[in-house]
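Asks: Next comes the structure file my_file.cif, holding mmCIF, C-alpha atoms.
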data_input
loop_
_atom_site.label_atom_id
_atom_site.label_comp_id
_atom_site.auth_asym_id
_atom_site.auth_seq_id
_atom_site.Cartn_x
_atom_site.Cartn_y
_atom_site.Cartn_z
CA MET X 128 1.58 -0.72 24.82
CA THR X 129 2.57 2.54 26.45
CA PRO X 130 3.17 3.11 30.15
CA ASP X 131 -0.22 4.79 30.35
CA GLU X 132 -1.92 1.72 28.97
CA ARG X 133 -0.25 -0.32 31.68
CA GLY X 134 -1.76 1.85 34.34
CA GLU X 135 1.32 3.88 35.22
CA ASP X 136 1.12 7.54 36.04
CA SER X 137 2.09 10.01 33.41
CA ALA X 138 1.43 13.70 33.77
CA ILE X 139 1.48 14.18 29.99
CA ASP X 140 -1.45 12.93 28.00
CA VAL X 141 -0.12 11.71 24.67
CA PRO X 142 -2.77 11.58 21.95
CA ASP X 143 -3.23 8.15 20.49
CA ALA X 144 -2.18 9.24 17.04
CA LEU X 145 1.01 10.80 18.37
CA ALA X 146 1.67 7.72 20.44
CA ALA X 147 1.27 5.65 17.29
CA LEU X 148 3.86 7.79 15.51
CA LEU X 149 6.22 7.58 18.47
CA GLY X 150 5.91 3.80 18.27
CA ALA X 151 6.56 3.58 14.53
CA ASP X 152 9.84 1.96 13.55
CA THR X 153 10.35 4.55 10.82
CA VAL X 154 10.62 7.30 13.44
CA TRP X 155 13.46 5.43 15.12
CA THR X 156 15.30 4.19 12.02
CA GLU X 157 18.96 5.18 12.26
CA PRO X 158 20.18 7.28 9.32
CA PRO X 159 22.85 5.65 7.16
CA ASP X 160 26.45 6.55 7.91
CA ILE X 161 27.13 8.15 4.56
CA ALA X 162 28.22 11.69 5.43
CA ASP X 163 31.77 11.15 4.16
CA GLU X 164 30.55 9.45 1.00
CA LEU X 165 28.10 12.26 0.44
CA VAL X 166 30.79 14.89 0.81
CA ALA X 167 33.02 13.03 -1.65
CA ARG X 168 30.24 12.67 -4.20
CA ILE X 169 29.24 16.30 -4.01
CA GLU X 170 32.82 17.50 -4.22
CA GLN X 171 33.40 15.25 -7.23
CA GLU X 172 30.23 16.40 -8.92
CA ALA X 173 31.08 20.03 -8.17
CA ARG X 174 34.45 19.58 -9.85
CA LEU X 175 32.98 17.74 -12.81
CA GLN X 176 29.87 19.72 -13.44
CA GLY X 177 30.43 23.15 -12.02
CA ASP X 178 27.64 25.64 -11.78
CA ASP X 179 24.45 24.48 -13.51
CA GLN X 180 22.55 27.73 -13.47
CA PRO X 181 21.02 28.42 -16.87
CA ARG X 182 22.20 31.76 -18.17
CA PRO X 183 22.20 33.43 -21.55
CA ALA X 184 24.95 32.32 -23.87
CA ALA X 185 28.06 34.45 -23.63
CA ALA X 186 28.95 36.40 -26.72
CA GLY X 187 32.55 35.29 -26.86
CA ARG X 188 34.64 35.19 -29.99
CA PRO X 189 34.20 31.71 -31.49
CA ARG X 190 37.32 29.69 -31.99
CA PRO X 191 37.77 27.48 -35.03
CA TRP X 192 36.14 24.08 -34.77
CA ARG X 193 39.17 22.38 -36.27
CA ARG X 194 41.49 23.71 -33.56
CA TRP X 195 39.11 22.37 -30.92
CA ALA X 196 39.03 18.97 -32.60
CA MET X 197 42.82 18.80 -32.98
CA ALA X 198 43.29 19.78 -29.34
CA GLY X 199 40.94 16.97 -28.51
CA ALA X 200 42.96 14.52 -30.57
CA ALA X 201 46.12 15.45 -28.71
CA ALA X 202 44.31 15.07 -25.43
CA ALA X 203 42.76 11.68 -26.18
CA ALA X 204 42.76 10.57 -22.60
CA VAL X 205 40.29 9.34 -20.08
CA ILE X 206 39.67 11.82 -17.29
CA VAL X 207 37.06 11.09 -14.63
CA GLY X 208 35.60 8.34 -16.74
CA ILE X 209 35.10 10.41 -19.83
CA ALA X 210 37.01 9.52 -22.96
CA LEU X 211 37.68 11.54 -26.02
CA VAL X 212 38.77 10.13 -29.35
CA VAL X 213 39.15 12.18 -32.45
CA ASN X 214 38.72 9.68 -35.25
CA SER X 215 39.30 11.79 -38.26
CA ALA X 216 41.61 14.62 -37.44
CA ASP X 217 44.91 13.24 -38.59
CA ASP X 218 44.77 15.15 -41.83
CA ASP X 219 45.14 18.83 -41.16
CA ASP X 220 43.57 19.72 -44.50
CA ARG X 221 40.44 17.73 -43.90
CA GLU X 222 37.48 18.64 -41.69
CA PRO X 223 36.92 16.05 -38.98
CA ALA X 224 34.10 13.65 -39.78
CA GLY X 225 33.18 13.58 -36.13
CA VAL X 226 34.50 13.71 -32.63
CA GLU X 227 33.50 10.78 -30.50
CA PHE X 228 33.04 11.07 -26.78
CA ALA X 229 31.83 8.96 -23.91
CA ILE X 230 28.79 9.72 -21.77
CA VAL X 231 28.40 8.66 -18.15
CA GLY X 232 25.37 8.45 -15.92
CA THR X 233 25.19 10.54 -12.76
CA GLU X 234 23.92 9.35 -9.40
CA LEU X 235 20.39 9.81 -10.73
CA ALA X 236 21.07 7.29 -13.48
CA PRO X 237 24.05 5.23 -12.34
CA ASP X 238 23.37 2.42 -14.83
CA ALA X 239 23.30 4.74 -17.81
CA SER X 240 26.19 5.18 -20.21
CA GLY X 241 26.68 5.86 -23.85
CA THR X 242 28.68 7.33 -26.63
CA GLY X 243 28.24 10.29 -28.89
CA VAL X 244 29.69 12.01 -31.86
CA VAL X 245 29.79 15.67 -32.80
CA GLN X 246 29.53 16.53 -36.46
CA VAL X 247 29.85 19.90 -38.12
CA ARG X 248 26.81 20.58 -40.28
CA PRO X 249 25.84 23.68 -42.21
CA ALA X 250 23.08 24.37 -39.69
CA GLY X 251 25.29 23.97 -36.63
CA PHE X 252 26.77 21.17 -34.55
CA ALA X 253 24.92 17.86 -34.60
CA ILE X 254 25.41 15.93 -31.36
CA ILE X 255 24.35 12.33 -31.95
CA ILE X 256 24.15 10.25 -28.81
CA GLU X 257 23.34 6.62 -28.11
CA ILE X 258 22.46 5.76 -24.53
CA GLN X 259 22.08 2.46 -22.73
CA GLY X 260 20.60 1.90 -19.29
CA LEU X 261 18.63 5.11 -19.11
CA ASP X 262 15.04 4.63 -17.94
CA PRO X 263 12.38 6.08 -20.22
CA ALA X 264 11.18 9.45 -18.99
CA VAL X 265 8.26 8.89 -16.63
CA PRO X 266 4.93 10.44 -17.63
CA GLY X 267 4.95 14.17 -17.05
CA THR X 268 8.68 14.43 -17.58
CA PHE X 269 11.16 14.50 -20.42
CA TYR X 270 14.89 14.64 -20.92
CA GLN X 271 16.64 17.77 -22.05
CA GLY X 272 20.14 18.15 -23.41
CA TRP X 273 22.31 21.15 -22.59
CA VAL X 274 25.76 22.32 -23.52
CA ARG X 275 27.57 24.37 -20.93
CA SER X 276 30.52 26.69 -20.97
CA ASP X 277 33.21 26.45 -18.32
CA ASP X 278 31.88 29.59 -16.68
CA GLY X 279 28.38 28.18 -16.36
CA ASP X 280 26.41 29.42 -19.34
CA LEU X 281 23.81 26.87 -20.46
CA VAL X 282 22.31 26.44 -23.91
CA ALA X 283 19.50 23.97 -24.60
CA VAL X 284 20.23 21.52 -27.42
CA GLY X 285 17.03 19.45 -27.60
CA THR X 286 14.63 17.17 -25.78
CA PHE X 287 13.69 13.48 -25.90
CA HIS X 288 11.83 10.89 -23.84
CA ALA X 289 13.63 7.60 -24.67
CA ARG X 290 10.38 5.65 -24.40
CA GLU X 291 10.41 3.79 -27.68
CA ASP X 292 13.87 2.38 -28.20
CA ASN X 293 17.54 3.04 -27.62
CA GLY X 294 18.36 4.34 -31.06
CA PRO X 295 20.47 7.38 -31.82
CA ILE X 296 19.23 10.70 -30.52
CA ALA X 297 20.06 13.86 -32.42
CA LEU X 298 20.70 17.03 -30.46
CA TRP X 299 21.64 20.30 -32.10
CA SER X 300 23.82 23.13 -30.95
CA GLY X 301 23.96 26.55 -32.53
CA VAL X 302 26.81 27.64 -30.30
CA ASP X 303 30.45 26.76 -30.81
CA LEU X 304 31.35 23.70 -28.79
CA ASP X 305 34.82 25.14 -28.25
CA ASP X 306 33.06 27.50 -25.87
CA TYR X 307 30.56 24.96 -24.54
CA PRO X 308 32.61 21.81 -23.96
CA THR X 309 30.26 20.05 -21.51
CA LEU X 310 27.14 18.10 -22.43
CA THR X 311 24.54 17.37 -19.76
CA VAL X 312 21.10 15.80 -19.87
CA THR X 313 18.54 16.67 -17.22
CA THR X 314 15.13 15.37 -16.25
CA GLN X 315 12.55 18.10 -16.72
CA GLN X 316 8.95 18.39 -15.56
CA ILE X 317 6.46 19.23 -18.30
CA GLY X 318 5.05 22.68 -17.65
CA ALA X 319 7.73 23.61 -15.13
CA GLY X 320 9.37 26.24 -17.28
CA THR X 321 12.31 26.37 -19.61
CA GLY X 322 15.17 26.48 -17.12
CA SER X 323 17.26 23.52 -16.14
CA SER X 324 15.88 21.46 -13.27
CA GLY X 325 19.43 20.71 -12.22
CA GLU X 326 18.51 17.01 -12.05
CA GLN X 327 21.29 15.75 -14.26
CA VAL X 328 21.17 12.15 -15.44
CA LEU X 329 24.01 12.19 -17.99
CA VAL X 330 27.19 14.17 -18.39
CA ALA X 331 30.05 14.25 -20.87
CA ARG X 332 32.92 16.47 -21.93
CA PHE X 333 33.68 17.00 -25.58
CA ASP X 334 37.23 18.17 -25.00
CA GLY X 335 38.43 15.57 -22.51
CA SER X 336 39.42 18.14 -19.91
CA MET L 48 24.53 27.13 6.05
CA ALA L 49 22.52 27.06 2.81
CA ALA L 50 25.02 29.22 0.95
CA ARG L 51 27.97 27.16 2.15
CA PHE L 52 26.08 23.99 1.27
CA ALA L 53 25.46 25.27 -2.26
CA ALA L 54 29.18 25.98 -2.55
CA ALA L 55 29.88 22.31 -1.70
CA ASP L 56 31.57 23.27 1.56
CA PRO L 57 32.31 19.88 3.19
CA ASP L 58 31.58 21.18 6.70
CA ALA L 59 28.23 22.58 5.60
CA ILE L 60 27.33 19.30 3.91
CA ARG L 61 28.18 17.41 7.10
CA ASP L 62 26.30 19.89 9.27
CA LEU L 63 23.19 19.61 7.14
CA TYR L 64 23.47 15.83 7.14
CA VAL L 65 23.85 15.66 10.92
CA GLN L 66 20.87 17.93 11.42
CA TYR L 67 18.48 16.44 8.91
CA SER L 68 19.53 12.88 8.09
CA GLY L 69 17.17 11.59 10.79
CA PRO L 70 13.99 13.20 9.46
CA VAL L 71 15.03 12.44 5.87
CA THR L 72 15.54 8.80 6.84
CA THR L 73 12.11 8.71 8.46
CA VAL L 74 10.43 10.05 5.34
CA ALA L 75 12.36 7.65 3.12
CA ALA L 76 11.61 4.67 5.35
CA SER L 77 7.94 5.65 5.56
CA ILE L 78 7.61 5.53 1.79
CA LEU L 79 10.12 2.79 0.98
CA ARG L 80 9.91 -0.13 3.35
CA ASP L 81 13.11 -1.60 1.91
CA PRO L 82 16.08 -0.36 4.02
CA GLN L 83 18.49 -0.32 1.06
CA LEU L 84 16.09 1.68 -1.09
CA ALA L 85 15.50 4.03 1.82
CA GLN L 86 19.25 4.54 2.17
CA ASP L 87 19.45 5.30 -1.55
CA ALA L 88 16.68 7.84 -1.10
CA VAL L 89 18.53 9.52 1.76
CA GLN L 90 21.65 9.94 -0.30
CA GLN L 91 19.64 11.07 -3.32
CA THR L 92 17.86 13.64 -1.19
CA PHE L 93 21.06 15.40 -0.16
CA LEU L 94 22.52 15.17 -3.66
CA ASN L 95 19.34 16.64 -5.14
CA ALA L 96 19.33 19.32 -2.46
CA TRP L 97 22.85 20.30 -3.39
CA ARG L 98 22.01 20.30 -7.10
CA GLY L 99 19.01 22.53 -6.45
CA ALA L 100 20.59 24.71 -3.77
CA HIS L 101 20.86 27.62 -6.16
CA SER L 102 17.05 27.84 -6.17
CA PHE L 103 16.71 27.88 -2.38
CA ASP L 104 15.89 31.15 -0.66
CA PRO L 105 18.21 31.24 2.39
CA SER L 106 15.82 33.57 4.22
CA ARG L 107 13.32 30.73 4.51
CA ASP L 108 13.25 27.65 6.72
CA ILE L 109 15.23 24.91 5.05
CA ALA L 110 13.23 22.07 6.63
CA PRO L 111 10.09 22.16 4.43
CA TRP L 112 12.26 22.54 1.33
CA LEU L 113 14.39 19.56 2.29
CA TYR L 114 11.30 17.57 3.28
CA ALA L 115 9.79 18.08 -0.17
CA ILE L 116 13.01 16.93 -1.82
CA ALA L 117 13.15 13.87 0.44
CA ARG L 118 9.60 12.89 -0.30
CA ARG L 119 10.10 13.38 -4.02
CA ALA L 120 13.32 11.33 -4.00
CA ALA L 121 11.63 8.47 -2.17
CA ILE L 122 8.60 8.48 -4.45
CA ASP L 123 10.82 8.55 -7.55
CA ILE L 124 12.69 5.50 -6.26
CA HIS L 125 9.39 3.86 -5.35
CA ARG L 126 8.07 4.37 -8.88
CA ALA L 127 11.29 3.23 -10.49
CA GLU L 128 11.21 0.07 -8.38
CA GLN L 129 7.58 -0.52 -9.32
CA ARG L 130 8.46 -0.13 -12.97
CA ARG L 131 11.46 -2.40 -12.70
CA ARG L 132 9.44 -5.12 -11.01
CA THR L 133 6.58 -4.79 -13.47
CA GLU L 134 8.92 -5.10 -16.42
CA GLY L 135 10.67 -8.03 -14.79
CA GLY L 136 7.44 -9.87 -14.12
CA HIS L 137 8.00 -9.84 -10.35
CA ASP L 138 5.27 -9.63 -7.79
CA LEU L 139 4.15 -6.10 -7.14
CA ASP L 140 4.88 -6.24 -3.46
CA VAL L 141 6.02 -2.63 -3.54
CA ALA L 142 3.02 -1.54 -5.58
CA VAL L 143 1.49 0.33 -2.71
CA THR L 144 0.50 3.96 -2.63
CA PRO L 145 3.08 6.01 -0.74
CA LEU L 146 1.88 7.62 2.45
CA ALA L 147 0.05 10.88 1.91
CA PHE L 148 1.94 14.14 2.11
CA ASP L 149 0.56 15.09 5.52
CA ARG L 150 1.34 11.70 7.04
CA THR L 151 4.99 11.79 6.00
CA TRP L 152 5.16 15.42 7.14
CA GLU L 153 3.89 14.37 10.56
CA ALA L 154 6.49 11.65 10.73
CA TRP L 155 9.16 14.19 9.71
CA GLU L 156 8.06 16.60 12.44
CA VAL L 157 7.96 13.90 15.10
CA ARG L 158 11.45 12.81 14.11
CA ARG L 159 12.71 16.38 14.29
CA ALA L 160 11.15 16.86 17.72
CA LEU L 161 12.73 13.65 18.96
CA GLY L 162 16.07 14.79 17.61
CA GLU L 163 15.89 17.91 19.75
CA LEU L 164 15.42 15.96 22.97
CA PRO L 165 18.41 15.31 25.22
CA ASP L 166 19.76 11.81 24.62
CA ASP L 167 18.64 10.45 27.99
CA GLU L 168 15.09 11.68 27.54
CA ARG L 169 14.87 10.45 23.97
CA GLU L 170 15.98 7.01 25.05
CA ILE L 171 13.22 6.80 27.62
CA VAL L 172 10.65 7.83 25.01
CA ARG L 173 12.04 5.16 22.68
CA LEU L 174 11.88 2.46 25.30
CA ALA L 175 8.37 3.48 26.30
CA HIS L 176 6.78 3.89 22.90
CA PHE L 177 8.85 1.82 20.51
CA GLU L 178 9.62 -1.08 22.82
CA GLY L 179 6.43 -0.69 24.83
CA ARG L 180 8.16 -0.85 28.23
CA THR L 181 6.75 0.44 31.50
CA HIS L 182 8.57 2.96 33.64
CA SER L 183 9.49 0.18 36.03
CA GLU L 184 10.93 -1.90 33.22
CA ILE L 185 12.86 1.09 31.90
CA ALA L 186 14.28 1.72 35.37
CA ALA L 187 15.36 -1.89 35.67
CA LEU L 188 16.75 -1.98 32.17
CA THR L 189 18.74 1.23 32.40
CA GLY L 190 19.65 1.12 36.09
CA ILE L 191 18.10 4.54 36.60
CA ALA L 192 15.92 5.20 39.63
CA LEU L 193 12.20 4.88 38.92
CA GLY L 194 11.56 8.44 40.05
CA THR L 195 14.22 9.71 37.66
CA VAL L 196 12.71 7.71 34.81
CA LYS L 197 9.32 9.23 35.53
CA SER L 198 10.66 12.77 35.77
CA ARG L 199 12.66 12.41 32.53
CA SER L 200 9.64 10.90 30.84
CA HIS L 201 7.52 13.79 32.04
CA ARG L 202 9.99 16.37 30.76
CA ALA L 203 10.41 14.56 27.46
CA HIS L 204 6.68 14.35 26.82
CA LYS L 205 6.25 17.96 27.80
CA ARG L 206 8.92 19.00 25.31
CA LEU L 207 7.35 16.82 22.63
CA ALA L 208 3.89 18.22 23.30
CA HIS L 209 5.30 21.73 22.94
CA ALA L 210 7.33 20.99 19.81
CA LEU L 211 4.43 19.17 18.17
CA ARG L 212 1.61 21.40 19.38
CA HIS L 213 0.94 22.54 15.83
CA LEU L 214 0.14 18.94 14.98
CA VAL L 215 -1.63 17.95 18.18
CA ASP L 216 -3.69 21.11 18.66
CA THR L 217 -5.23 20.84 15.24
CA GLU L 218 -5.66 17.08 15.54
CA ASN L 219 -3.72 16.71 12.34
CA VAL L 220 -2.00 13.65 13.66
CA SER L 221 -4.40 11.14 12.26
#
The structure given in the file should be rewritten as structure tokens.
Replies:
Amino acid sequence: MTPDERGEDSAIDVPDALAALLGADTVWTEPPDIADELVARIEQEARLQGDDQPRPAAAGRPRPWRRWAMAGAAAAAVIVGIALVVNSADDDDREPAGVEFAIVGTELAPDASGTGVVQVRPAGFAIIIEIQGLDPAVPGTFYQGWVRSDDGDLVAVGTFHAREDNGPIALWSGVDLDDYPTLTVTTQQIGAGTGSSGEQVLVARFDGS
Amino acid sequence: MAARFAAADPDAIRDLYVQYSGPVTTVAASILRDPQLAQDAVQQTFLNAWRGAHSFDPSRDIAPWLYAIARRAAIDIHRAEQRRRTEGGHDLDVAVTPLAFDRTWEAWEVRRALGELPDDEREIVRLAHFEGRTHSEIAALTGIALGTVKSRSHRAHKRLAHALRHLVDTENVS
């Protein structure tokens, strides 16, 4: 009941609908005190993910895959929750069978995690990932994998919806992963164009940096 | 502010949060009646805004852009919660249709208008409309003279009527 309804004078006539909104608890709900946490999360994500603007792939001189894998073996360390293990690079005369890496969920998919392996194939680099805890893509959306260079170039590596099971997902890269050491997966809207939505659900680094 | 926000400038993030966390919270709470889910939606809104800041045109008003992100974040959480409960065999007590776009926009605008009131005037509006108190009760409760309560109430409602005239004049508040 407003003052007007109790017979008190008020020079301003408040429409009933506006009065109803002014009386709604949602209009008076205090915002959460998360400014510091928000700053920390954004700063962390900025450091981890960098610029996510899709741009044409840079035409840099490709470096040998083996050197990238061996550097990864030497660096086998966990940095910001992302691990790198080179499981077949101890023989310098042998091509690595695959470089394993860990995948972590972002704030959009905090329960998601997984592992992956990169394999050199005649057609390019096969990126095989297995994910747990990632919700199936809701109708009208799909997931898209990207590899990204450290200066922000994005290259699409395949799409999936994860609606049937949690089996391995094969993504393919035609660019050298020495130059594109970050893997991200975004949620995309069907029909919204070919650029990244920026809504990352998964992220990983191949090189452990 | 938008450019500094996109660059993850901590001060810009805080400034944006101070300015818009209220309306974002109102939209989230209007769609998600669960306070914890609403809080998640608030945080998700600002994270998504930062992630999409590169697509924002700084020459435009940031409020409608942020509102759309807030509404989308809340609805996504709403749907995810519905799905989780359906799969878990729980009651669908959150299986309600989120408020329509114009209703949450009205709530956003009202919250913004309230946020622009001086603290003392906003408190009188809160006591009057949210707690349903009379001017006399407000005067007794706050220790402010009745005449002062009435004059502050008058000024507050006048400011609100001006700030929300685009809603009231067109009778869109429905």
Asks: As JSON, numbers by chain, could you give me every residue of chain L near chain X (at most 6 Å apart, counting all atoms listed in the file)?
Replies: {"L": [57, 61, 68, 69, 72, 73, 76, 77, 98, 158, 175, 176, 177, 179, 181, 220, 221]}
Asks: Using the chain letters and numbering of this document, enumerate as a PDB file with C-alpha atoms, in the coordinates of the input the residues selected by the PyMOL selection byres ((chain X and resi 258) around 7).
Replies:
ATOM      1  CA  ALA X 239      23.300   4.740 -17.810  1.00  0.00           C
ATOM      2  CA  SER X 240      26.190   5.180 -20.210  1.00  0.00           C
ATOM      3  CA  GLY X 241      26.680   5.860 -23.850  1.00  0.00           C
ATOM      4  CA  THR X 242      28.680   7.330 -26.630  1.00  0.00           C
ATOM      5  CA  ILE X 256      24.150  10.250 -28.810  1.00  0.00           C
ATOM      6  CA  GLU X 257      23.340   6.620 -28.110  1.00  0.00           C
ATOM      7  CA  GLN X 259      22.080   2.460 -22.730  1.00  0.00           C
ATOM      8  CA  GLY X 260      20.600   1.900 -19.290  1.00  0.00           C
ATOM      9  CA  LEU X 261      18.630   5.110 -19.110  1.00  0.00           C
ATOM     10  CA  ASN X 293      17.540   3.040 -27.620  1.00  0.00           C
TER      11      ASN X 293
END
Asks: On this file, the PyMOL selection byres ((chain L and resi 152) around 10) gives some set of residues; write that set as a ChimeraX atom specification.
Replies: /L:70,73-74,111,114-115,118,146-151,153-158,214,220
Asks: On this structure, the PyMOL selection byres ((chain X and resi 305-307) around 6) would catch which residues? List them as a PyMOL selection string, sorted by chain and number.
Replies: chain X and resi 195+274-276+303-304+308-309
Asks: CA of Leu79 in chain L and CA of Thr133 in chain L are how many Å apart?
Replies: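 These atoms are spaced 16.7 Å apart.
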Asks: What is the distance, in Å and to one decimal place, between CA of Gln86 in chain L and CA of His125 in chain L?
Replies: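 Here the two named atoms are 12.4 Å from each other.
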Asks: Measure the distance from CA of Gly301 in chain X to CA of Thr286 in chain X in Å and round it to one decimal.
Replies: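 Distance between the two atoms: 14.9 Å.
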